[in-house]
Amino acid sequence: MIRWFLFTKVGTSNLICKSQSGFSYQQKFSLVNVKLKWVKDATLDDVVTFDKDLKAASTLVTLISSSPQRILPIYHLVCHRGQLGLPIDLKLSTFIRRYPSIFLESHVLDTGGTRVPCFSLTREAQELREEELHVLELNQSDLLTRLRKLFMLTRNLSLPLQTIDQLRWDFGLPYDYRLTFIPRHLDMFSFVQLPDKRDGLKHKIWDDELAVSELVRNSSSQQIEEDMKSGCLAFPIGFTRGFGLKRKCMEWLKEWQSLPYTSPYIDASHLDPRTDVSEKRVVGVFHELLHLTLQKKTERKNVSNLRKPLALPQKFTRAFERHPGIFYISKKCDTQTVILREAYDGGKLLHRHRHPLLEIREKFAGMLREGLLDRSKGLYKKSRRVVVEEDDPTKHGSRLEFDIDTHEYYSSKLLDDKIGKMTN
């Protein structure tokens, strides 16, 4: 149960929200030292738990399905481990074997006779991947718009590729976006070398029509006309039951909500970073950033290196702790995930925020749970072994060995074709 508040102006707001007096107000009022306690929200924690292992499994599905023969040896998959977010002490092959409803395991014997695990996809997983590609194609325009808005939040319309890599899952970018998505939009993006010598991506075109924040877009239905004109827009605030907001904190929050709202798409270098008005701008930046993501959430570490590109002050992430009514920090799954509270009703993403790609991810998550449960029941017993000797003398008699589980869907002919491709 969440209690929602939408604080509007207090008595002095007509004065402080005028452009000239507003600037004076910003410089005089220093950052108020208010600290609100963190309170566990089990329903939003479940949102993070739901995604556990999903990102890693989906990335592996993408890699395998994109390979020419739709099967890859473990040493090839290990090269991408850094993008999977798995615990350091967890072997990648162990993770993959947890989900036999998604991945099929086979082995190739190298020249030294060592069994090298190889992984392909089950029929259902491959079909779901093809459905995902179809959804991505249908929603190219939406993805392009959200990516452009992300770049328009930055100071120089550019970001390091490493930063984009960290955000691609949250934005729904294809894993190989550098080779597939960006080349289709070279009229808007270009690969560049950043001043710090890192590889980056630059957005070429500014669009005033896109430079409208979600808060402004929705404000007409949430706040009174006078607030719209004055620029004193308030953020939707919600607390879980039992939060126990003290009177002093409530008064500060009302006053803070009445401060001028600075769009995240305009230059805010005139703001003193030691003021509450500057902090409200920081909150506005992350409010907009989270709205651009598919599930209105991202890991805290993903934004830790955005300070310079977004022109944010030092210690900018403390805004998450100071505003638990806007952001919830989940500490599940050995990480910190920042969630936009207003986007959720309990543990469910509001319908107006649901993206078609999320339906695909939910299907993948269902397959993961089903496979894990069936595996625990012993339903994936090895039933037969197929060994193929290689006739190529240059291979020194190496051979391919396939373990076929009881849930294998290949017919004998398809299996022979599959093995034939591997040996050609």
# chains A, B, ... in the order shown; residues from 1 in each chain; ligands from 1
>>> closest_atom_pairs(of="region 35-67 of chain A", to="region 93-115 of chain A", cutoff="9 Å", atoms="only C-alpha atoms", output="tab-separated table")
residue	atom	partner	partner_atom	distance
A:Asp53	CA	A:Phe95	CA	8.7
A:Ala57	CA	A:Ile96	CA	7.6
A:Leu60	CA	A:Ile96	CA	8.7
A:Val61	CA	A:Ile102	CA	8.0
>>> residues_around(residues="Tyr177 (chain A)", least_positions_apart="6", cutoff="10 Å", atoms="only C-alpha atoms", output="list in words")
Ile164, Asp165, Arg168, Pro183 and Arg184 of chain A
>>> residues_around(residues="Val338 (chain A)", least_positions_apart="4", cutoff="7 Å", atoms="only C-alpha atoms", output="count of residues only")
8
>>> select_by_dssp(residues="region 196-252 of chain A", states="strand (DSSP E or B)", output="list in words")
Asp199, Gly200, Leu201, Lys202, His203, Ile237, Gly238, Phe239 and Thr240 of chain A
>>> decode(residues="region 168-207 of chain A", atoms="C-alpha atoms", output="PDB file, in the first residue's frame")
ATOM      1  CA  ARG A 168      21.337  -1.081 -23.188  1.00  0.00           C
ATOM      2  CA  TRP A 169      19.336  -3.722 -21.287  1.00  0.00           C
ATOM      3  CA  ASP A 170      17.305  -1.039 -19.500  1.00  0.00           C
ATOM      4  CA  PHE A 171      16.666   0.814 -22.767  1.00  0.00           C
ATOM      5  CA  GLY A 172      15.919  -2.303 -24.798  1.00  0.00           C
ATOM      6  CA  LEU A 173      18.841  -1.750 -27.165  1.00  0.00           C
ATOM      7  CA  PRO A 174      19.940  -4.803 -29.166  1.00  0.00           C
ATOM      8  CA  TYR A 175      23.053  -6.405 -27.718  1.00  0.00           C
ATOM      9  CA  ASP A 176      24.854  -5.743 -30.996  1.00  0.00           C
ATOM     10  CA  TYR A 177      23.417  -2.237 -31.402  1.00  0.00           C
ATOM     11  CA  ARG A 178      26.776  -0.933 -32.679  1.00  0.00           C
ATOM     12  CA  LEU A 179      26.504  -3.200 -35.728  1.00  0.00           C
ATOM     13  CA  THR A 180      22.749  -3.323 -36.263  1.00  0.00           C
ATOM     14  CA  PHE A 181      20.840  -0.368 -34.829  1.00  0.00           C
ATOM     15  CA  ILE A 182      23.248   2.584 -35.078  1.00  0.00           C
ATOM     16  CA  PRO A 183      24.283   1.970 -38.739  1.00  0.00           C
ATOM     17  CA  ARG A 184      20.602   2.336 -39.669  1.00  0.00           C
ATOM     18  CA  HIS A 185      20.578   5.856 -38.202  1.00  0.00           C
ATOM     19  CA  LEU A 186      23.882   7.383 -39.230  1.00  0.00           C
ATOM     20  CA  ASP A 187      21.992  10.554 -40.141  1.00  0.00           C
ATOM     21  CA  MET A 188      21.481  11.083 -36.415  1.00  0.00           C
ATOM     22  CA  PHE A 189      24.429   9.330 -34.735  1.00  0.00           C
ATOM     23  CA  SER A 190      28.134   9.035 -35.373  1.00  0.00           C
ATOM     24  CA  PHE A 191      30.931   7.109 -33.699  1.00  0.00           C
ATOM     25  CA  VAL A 192      33.525   9.471 -32.257  1.00  0.00           C
ATOM     26  CA  GLN A 193      36.583   9.545 -30.044  1.00  0.00           C
ATOM     27  CA  LEU A 194      35.878  11.480 -26.866  1.00  0.00           C
ATOM     28  CA  PRO A 195      38.322  14.008 -25.352  1.00  0.00           C
ATOM     29  CA  ASP A 196      39.443  11.350 -22.851  1.00  0.00           C
ATOM     30  CA  LYS A 197      40.342   9.067 -25.805  1.00  0.00           C
ATOM     31  CA  ARG A 198      37.472   6.662 -25.163  1.00  0.00           C
ATOM     32  CA  ASP A 199      35.239   5.476 -27.976  1.00  0.00           C
ATOM     33  CA  GLY A 200      31.892   7.191 -27.905  1.00  0.00           C
ATOM     34  CA  LEU A 201      28.669   7.914 -29.745  1.00  0.00           C
ATOM     35  CA  LYS A 202      27.452  11.396 -30.627  1.00  0.00           C
ATOM     36  CA  HIS A 203      23.946  12.590 -31.421  1.00  0.00           C
ATOM     37  CA  LYS A 204      24.053  15.002 -34.369  1.00  0.00           C
ATOM     38  CA  ILE A 205      20.638  16.655 -34.229  1.00  0.00           C
ATOM     39  CA  TRP A 206      18.895  18.600 -31.468  1.00  0.00           C
ATOM     40  CA  ASP A 207      15.100  18.400 -31.565  1.00  0.00           C
TER      41      ASP A 207
END
